[in-house]
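Peer 1: Once you've had a glance at the structure underneath, I'll fire off some questions.
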Amino acid sequence: MTRVLVTGATGYIGGRLVPQLLEAGYEVSVYVRSPWKLRDVPWRDQVEIFKGDLSDVIATRRAMNGVEVAFYLVHSMSAGPDFVSAEQTSAQTFADVAAAAGVGRLVYLGGLHPNDVVLSKHLASRTAVGRTFLDCPVPAIVFQAGIVIGSGSASFEMIRHLTEVLPFMPAPRWVRNHVQPIAIRDVLRYLVLAVAVEEELNRTFDIGGPDILRYGKMMNGYAVEAGLPQRHIASLPVLTPWLASQWVSLVSPVPRQLAVPIIASLQHDCVVTEHDIDRYIAPPEEGLLAYRSAVHRALKREAEGQVETSWQTATVPGAPSDPLPSDPSWAGHTVFTDLRERQSTASAEAVWAVIEAIGGRKGWHSFPLAWAARGWIDRLAGGVGMRRGRRHPSRVNSGDVIDVWRVESIDRGRLLRLRAEMRMPGRGWLELGVEPAEDGSRYRQRAVYFPKGLTGRLYWAVLLPFHSIIFNGMATRILHEAQSSTKESI
């Protein structure tokens, strides 16, 4: 059985690739920085999980032991100044360790790009990573894909929200550029079949769907599939990539850190220039999925709550990653807490159903204006804001995102712990829990905050008057909704 290693298994592509590799009969191991994010995925017990960072040679060597094909699906979307050198260092380490371990093939997914222009910093970095693999002793297949269309992809969400929010769209000149989108289904198919290619290949392959469209046509193609009127698009030369990314961040849930590289990659035509991959991986009998069919499929999966992975779960640069200590008061930090406990006539099951469905379109059950204002402040400060939503309307797993929070742990039916990823001078958590009790249930809600310096203490003090409104209202309305659902079921 061929042993395959997947990096980036907590990401959008990697999280979907792993189950397909398993279904194809491969022995799969994954190499991730945060194994806790995989705690609830359905394939967790079918893979071997290695923890480590790609800059760690020893940990990378351990994960690479006995591997025949290694997938490199890691790409930093951070706008930080050092991401280029960090990506190059990680790729070189991965290539060197793969060569020393006797790996037979590397597979990398990069970005589709023209060859005769100056590329954006992010796209140039991805190209350089691909070149690193092609220059190393291990044969490498480097796929170069354009815009990936699928439920939960950042590019798809950007198209979706731009189209839905703006009936008239002042847009940058790049809306007239030609692009060749590809369905996530077809990307995954290429990746899986690359393992079994018999020839010893060491080269790039362009991959794209059957349609070559202007970006503006893509937005109106989405409008048709979503049942919306055609959008009027005006190309404006004054919208620079930087200004356009701020505008996209304003009208869509895609944060600035993701919008910048996506938009920067759209400054030129990005279409497939060769179809050599067809000689090694034949197209599916029914053909590659057309753009509008991919949009239809993505919308259907979202409506059915079947989004396997999402851009929302991407690591937020600068966000805290340390878990809440089991006893915060003894953790060696200054700690502030807000604790609310209530008895309810609703069953524990009814209360838990409300807890697990919190956020997203359901909201936070108290003072929506305050939550919205906090989200806008976070967006203006370069944070993720409150518009990331949630992947599934009523169920969450460890590592999932709910608006400005990330699910740190979940004891289903009893406790949901959320870690704040908003910009603030400190670290914060929110716990929502329930236990069965006589004649109903016992609800427990706790906010925990570790301030950073004087600013952090002032931050808590300023918000303290609002806590009685926000947190008290949250507890009251959660239990009210649970009691209402209990009565309806009787």
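How things are named: the first chain in the structure tokens is A, the next is B, and so on; residues count from 1 in each chain; ligands count from 1 in the order shown.
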Could you name the residues that touch range 79-96 of chain A at 8 Å or less, counting only C-alpha atoms, but leaving out those on the same chain fewer than 3 positions away, as a VMD selection string?

Peer 2: chain A and resid 54 to 55 57 60 75 to 76 99 to 100 121 to 122 125 128 to 129 132 to 133 136 138 257 260 to 261

Peer 1: Would you save the residues from that selection as an mmCIF file, in the first residue's frame, using C-alpha atoms?

Peer 2:
data_model
loop_
_atom_site.group_PDB
_atom_site.id
_atom_site.type_symbol
_atom_site.label_atom_id
_atom_site.label_comp_id
_atom_site.auth_asym_id
_atom_site.auth_seq_id
_atom_site.Cartn_x
_atom_site.Cartn_y
_atom_site.Cartn_z
ATOM 1 C CA LEU A 54 7.800 22.772 8.491
ATOM 2 C CA SER A 55 10.802 24.709 9.783
ATOM 3 C CA VAL A 57 13.875 19.465 10.482
ATOM 4 C CA THR A 60 9.611 16.870 9.405
ATOM 5 C CA HIS A 75 0.701 28.503 1.624
ATOM 6 C CA SER A 76 0.760 31.513 3.892
ATOM 7 C CA ALA A 99 15.413 13.781 -0.629
ATOM 8 C CA ALA A 100 17.193 12.383 2.451
ATOM 9 C CA LYS A 121 4.494 39.102 -4.272
ATOM 10 C CA HIS A 122 2.181 36.286 -3.172
ATOM 11 C CA SER A 125 6.260 33.318 -3.801
ATOM 12 C CA ALA A 128 9.285 30.176 -6.247
ATOM 13 C CA VAL A 129 8.119 27.354 -3.961
ATOM 14 C CA THR A 132 12.316 24.836 -5.226
ATOM 15 C CA PHE A 133 10.664 21.442 -5.593
ATOM 16 C CA CYS A 136 15.500 19.310 -5.721
ATOM 17 C CA VAL A 138 13.033 14.320 -5.755
ATOM 18 C CA GLN A 257 -5.227 39.203 4.723
ATOM 19 C CA VAL A 260 -4.944 41.178 -0.776
ATOM 20 C CA PRO A 261 -3.282 38.087 -2.341
#

Peer 1: Quick one: everything within 7 Å of Gly110 in chain A, counting only C-alpha atoms, minus sequence neighbours fewer than 6 positions away in the same chain. Send it as JSON, numbers by chain.

Peer 2: {"A": [126, 127, 130, 142, 143, 144, 145]}

Peer 1: Using the chain letters and numbers from this document, which residues of range 92-337 of chain A does DSSP assign to strand (DSSP E or B), as number ranges by chain?

Peer 2: A: 105-111, 140-145, 148-149, 168-172, 178-179, 182-183, 203-207, 213-214, 232-236, 270, 336-337

Peer 1: Residues of range 291-486 of chain A classed as helix (DSSP H, G or I) by DSSP on the backbone are to be reported as a PyMOL selection string.

Peer 2: chain A and resi 291-303+311-313+328-330+348-356+360-362+368-380+453-486

Peer 1: Thr337 in chain A: which residues within 7 Å, counting only C-alpha atoms, same-chain residues fewer than 5 positions away excluded, as an MDAnalysis selection string?

Peer 2: chainID A and resid 446:449

Peer 1: How would the residues just chosen look if you wrote them out with all heavy atoms as an mmCIF file, in the first residue's frame?

Peer 2:
data_model
loop_
_atom_site.group_PDB
_atom_site.id
_atom_site.type_symbol
_atom_site.label_atom_id
_atom_site.label_comp_id
_atom_site.auth_asym_id
_atom_site.auth_seq_id
_atom_site.Cartn_x
_atom_site.Cartn_y
_atom_site.Cartn_z
ATOM 1 N N ARG A 446 -19.380 31.362 30.897
ATOM 2 C CA ARG A 446 -18.225 32.019 31.496
ATOM 3 C C ARG A 446 -17.377 32.694 30.421
ATOM 4 O O ARG A 446 -16.994 32.060 29.429
ATOM 5 C CB ARG A 446 -17.363 31.013 32.259
ATOM 6 C CG ARG A 446 -16.159 31.642 32.956
ATOM 7 C CD ARG A 446 -15.396 30.643 33.806
ATOM 8 N NE ARG A 446 -14.738 29.611 33.011
ATOM 9 C CZ ARG A 446 -13.603 28.989 33.384
ATOM 10 N NH1 ARG A 446 -13.042 29.293 34.550
ATOM 11 N NH2 ARG A 446 -13.084 28.049 32.626
ATOM 12 N N ALA A 447 -17.096 33.974 30.601
ATOM 13 C CA ALA A 447 -16.136 34.699 29.774
ATOM 14 C C ALA A 447 -14.850 34.844 30.584
ATOM 15 O O ALA A 447 -14.887 35.204 31.763
ATOM 16 C CB ALA A 447 -16.680 36.074 29.389
ATOM 17 N N VAL A 448 -13.715 34.544 29.955
ATOM 18 C CA VAL A 448 -12.416 34.614 30.623
ATOM 19 C C VAL A 448 -11.502 35.507 29.795
ATOM 20 O O VAL A 448 -11.414 35.349 28.565
ATOM 21 C CB VAL A 448 -11.789 33.214 30.767
ATOM 22 C CG1 VAL A 448 -10.435 33.307 31.468
ATOM 23 C CG2 VAL A 448 -12.716 32.283 31.526
ATOM 24 N N TYR A 449 -10.807 36.415 30.465
ATOM 25 C CA TYR A 449 -9.951 37.365 29.746
ATOM 26 C C TYR A 449 -8.615 37.514 30.467
ATOM 27 O O TYR A 449 -8.572 37.784 31.667
ATOM 28 C CB TYR A 449 -10.651 38.725 29.641
ATOM 29 C CG TYR A 449 -9.840 39.797 28.952
ATOM 30 C CD1 TYR A 449 -9.481 39.663 27.610
ATOM 31 C CD2 TYR A 449 -9.437 40.947 29.642
ATOM 32 C CE1 TYR A 449 -8.739 40.651 26.974
ATOM 33 C CE2 TYR A 449 -8.709 41.938 29.001
ATOM 34 C CZ TYR A 449 -8.353 41.790 27.675
ATOM 35 O OH TYR A 449 -7.624 42.756 27.051
#

Peer 1: Counting only C-alpha atoms, which residue out of A:Val187, A:Ala420, A:Ala226, A:Ala282 sits closest to Gly209 in chain A?

Peer 2: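 So, comparing all the options, the nearest one is A:Val187.
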
Peer 1: Near Ala290 in chain A, within 12 Å and counting only C-alpha atoms, which residues show up once chain neighbours fewer than 5 positions away are dropped, as a list in words?

Peer 2: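 That gives Val148, Ile149, Gly150, Gln180, Pro181, Ile182, Ala183, Ile184, Arg185, Asp186, Gly208, Gly209, Pro210, Asp211, Ile212, Leu213, Met218, Gly221, Val295, His296 and Arg297 of chain A.
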
Peer 1: Export C-alpha atoms of the chosen residues as a CSV table (one decimal), in the first residue's frame?

Peer 2:
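Listing of part08.csv after writing:
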chain,number,residue,atom,x,y,z
A,148,VAL,CA,-10.9,27.4,-7.4
A,149,ILE,CA,-14.7,27.2,-7.3
A,150,GLY,CA,-16.2,25.2,-4.5
A,180,GLN,CA,-9.9,30.1,-16.2
A,181,PRO,CA,-11.6,28.8,-13.0
A,182,ILE,CA,-11.6,25.2,-12.0
A,183,ALA,CA,-14.0,23.3,-9.8
A,184,ILE,CA,-12.6,22.0,-6.5
A,185,ARG,CA,-13.8,18.5,-7.5
A,186,ASP,CA,-11.5,18.5,-10.5
A,208,GLY,CA,-8.2,24.8,-15.4
A,209,GLY,CA,-11.8,24.2,-16.2
A,210,PRO,CA,-13.4,24.3,-19.7
A,211,ASP,CA,-14.5,28.0,-19.5
A,212,ILE,CA,-12.3,31.1,-20.1
A,213,LEU,CA,-14.2,34.1,-18.7
A,218,MET,CA,-17.9,35.1,-13.6
A,221,GLY,CA,-22.6,33.8,-14.0
A,295,VAL,CA,-21.3,27.3,-8.8
A,296,HIS,CA,-24.5,25.4,-8.8
A,297,ARG,CA,-22.8,22.5,-7.0

Peer 1: Mind checking which residues fall within 6 Å of Glu408 in chain A, counting only C-alpha atoms, ignoring those fewer than 3 positions away in the same chain, and posting them as a PyMOL selection string?

Peer 2: chain A and resi 398+417-419

Peer 1: Please determine, counting only C-alpha atoms, which residue among A:Asp327, A:Glu302, A:Asp53, A:Asp403 has the shortest atom-to-atom distance to Trp364 in chain A.

Peer 2: A:Asp403

Peer 1: Excluding same-chain residues fewer than 2 positions from Val18 in chain A, what lies within 9 Å of it counting only C-alpha atoms, as a list in words?

Peer 2: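 Those residues are Val6, Ala9, Ile13, Gly14, Gly15, Arg16, Gln20, Leu21, Leu22, Glu23, Val28, Ser29, Val30, Trp43 and Val47 of chain A.
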
Peer 1: Let's have the selection written as a PDB file, in the first residue's frame, with N, CA and C atoms.

Peer 2:
ATOM      1  N   VAL A   6       0.429  14.159   3.741  1.00  0.00           N
ATOM      2  CA  VAL A   6      -0.263  15.395   3.363  1.00  0.00           C
ATOM      3  C   VAL A   6       0.053  16.474   4.386  1.00  0.00           C
ATOM      4  N   ALA A   9      -3.287  19.590   6.090  1.00  0.00           N
ATOM      5  CA  ALA A   9      -4.517  18.805   6.211  1.00  0.00           C
ATOM      6  C   ALA A   9      -5.608  19.527   6.982  1.00  0.00           C
ATOM      7  N   ILE A  13      -7.871  22.802   0.909  1.00  0.00           N
ATOM      8  CA  ILE A  13      -7.604  21.734  -0.050  1.00  0.00           C
ATOM      9  C   ILE A  13      -7.230  20.437   0.667  1.00  0.00           C
ATOM     10  N   GLY A  14      -6.265  20.532   1.600  1.00  0.00           N
ATOM     11  CA  GLY A  14      -5.782  19.331   2.272  1.00  0.00           C
ATOM     12  C   GLY A  14      -6.857  18.595   3.030  1.00  0.00           C
ATOM     13  N   GLY A  15      -7.763  19.334   3.672  1.00  0.00           N
ATOM     14  CA  GLY A  15      -8.826  18.706   4.434  1.00  0.00           C
ATOM     15  C   GLY A  15      -9.791  17.910   3.572  1.00  0.00           C
ATOM     16  N   ARG A  16      -9.874  18.252   2.290  1.00  0.00           N
ATOM     17  CA  ARG A  16     -10.731  17.492   1.371  1.00  0.00           C
ATOM     18  C   ARG A  16      -9.957  16.391   0.658  1.00  0.00           C
ATOM     19  N   GLN A  20     -10.264  11.587   0.241  1.00  0.00           N
ATOM     20  CA  GLN A  20     -10.270  11.022  -1.106  1.00  0.00           C
ATOM     21  C   GLN A  20      -9.077  10.104  -1.324  1.00  0.00           C
ATOM     22  N   LEU A  21      -7.945  10.428  -0.716  1.00  0.00           N
ATOM     23  CA  LEU A  21      -6.794   9.524  -0.792  1.00  0.00           C
ATOM     24  C   LEU A  21      -7.094   8.216  -0.060  1.00  0.00           C
ATOM     25  N   LEU A  22      -7.757   8.323   1.080  1.00  0.00           N
ATOM     26  CA  LEU A  22      -8.142   7.121   1.821  1.00  0.00           C
ATOM     27  C   LEU A  22      -9.099   6.265   1.004  1.00  0.00           C
ATOM     28  N   GLU A  23     -10.045   6.918   0.361  1.00  0.00           N
ATOM     29  CA  GLU A  23     -11.013   6.187  -0.459  1.00  0.00           C
ATOM     30  C   GLU A  23     -10.330   5.502  -1.635  1.00  0.00           C
ATOM     31  N   VAL A  28      -2.401   6.942   4.581  1.00  0.00           N
ATOM     32  CA  VAL A  28      -2.216   8.393   4.676  1.00  0.00           C
ATOM     33  C   VAL A  28      -1.726   8.797   6.059  1.00  0.00           C
ATOM     34  N   SER A  29      -0.740   9.663   6.074  1.00  0.00           N
ATOM     35  CA  SER A  29      -0.333  10.344   7.295  1.00  0.00           C
ATOM     36  C   SER A  29      -0.400  11.842   7.031  1.00  0.00           C
ATOM     37  N   VAL A  30      -0.609  12.612   8.083  1.00  0.00           N
ATOM     38  CA  VAL A  30      -0.729  14.060   7.938  1.00  0.00           C
ATOM     39  C   VAL A  30       0.262  14.731   8.881  1.00  0.00           C
ATOM     40  N   TRP A  43     -12.375  11.272   9.422  1.00  0.00           N
ATOM     41  CA  TRP A  43     -11.285  10.368   9.047  1.00  0.00           C
ATOM     42  C   TRP A  43     -10.140  10.368  10.057  1.00  0.00           C
ATOM     43  N   VAL A  47      -5.897   7.879   9.856  1.00  0.00           N
ATOM     44  CA  VAL A  47      -4.612   8.431   9.445  1.00  0.00           C
ATOM     45  C   VAL A  47      -3.665   8.476  10.639  1.00  0.00           C
TER      46      VAL A  47
END
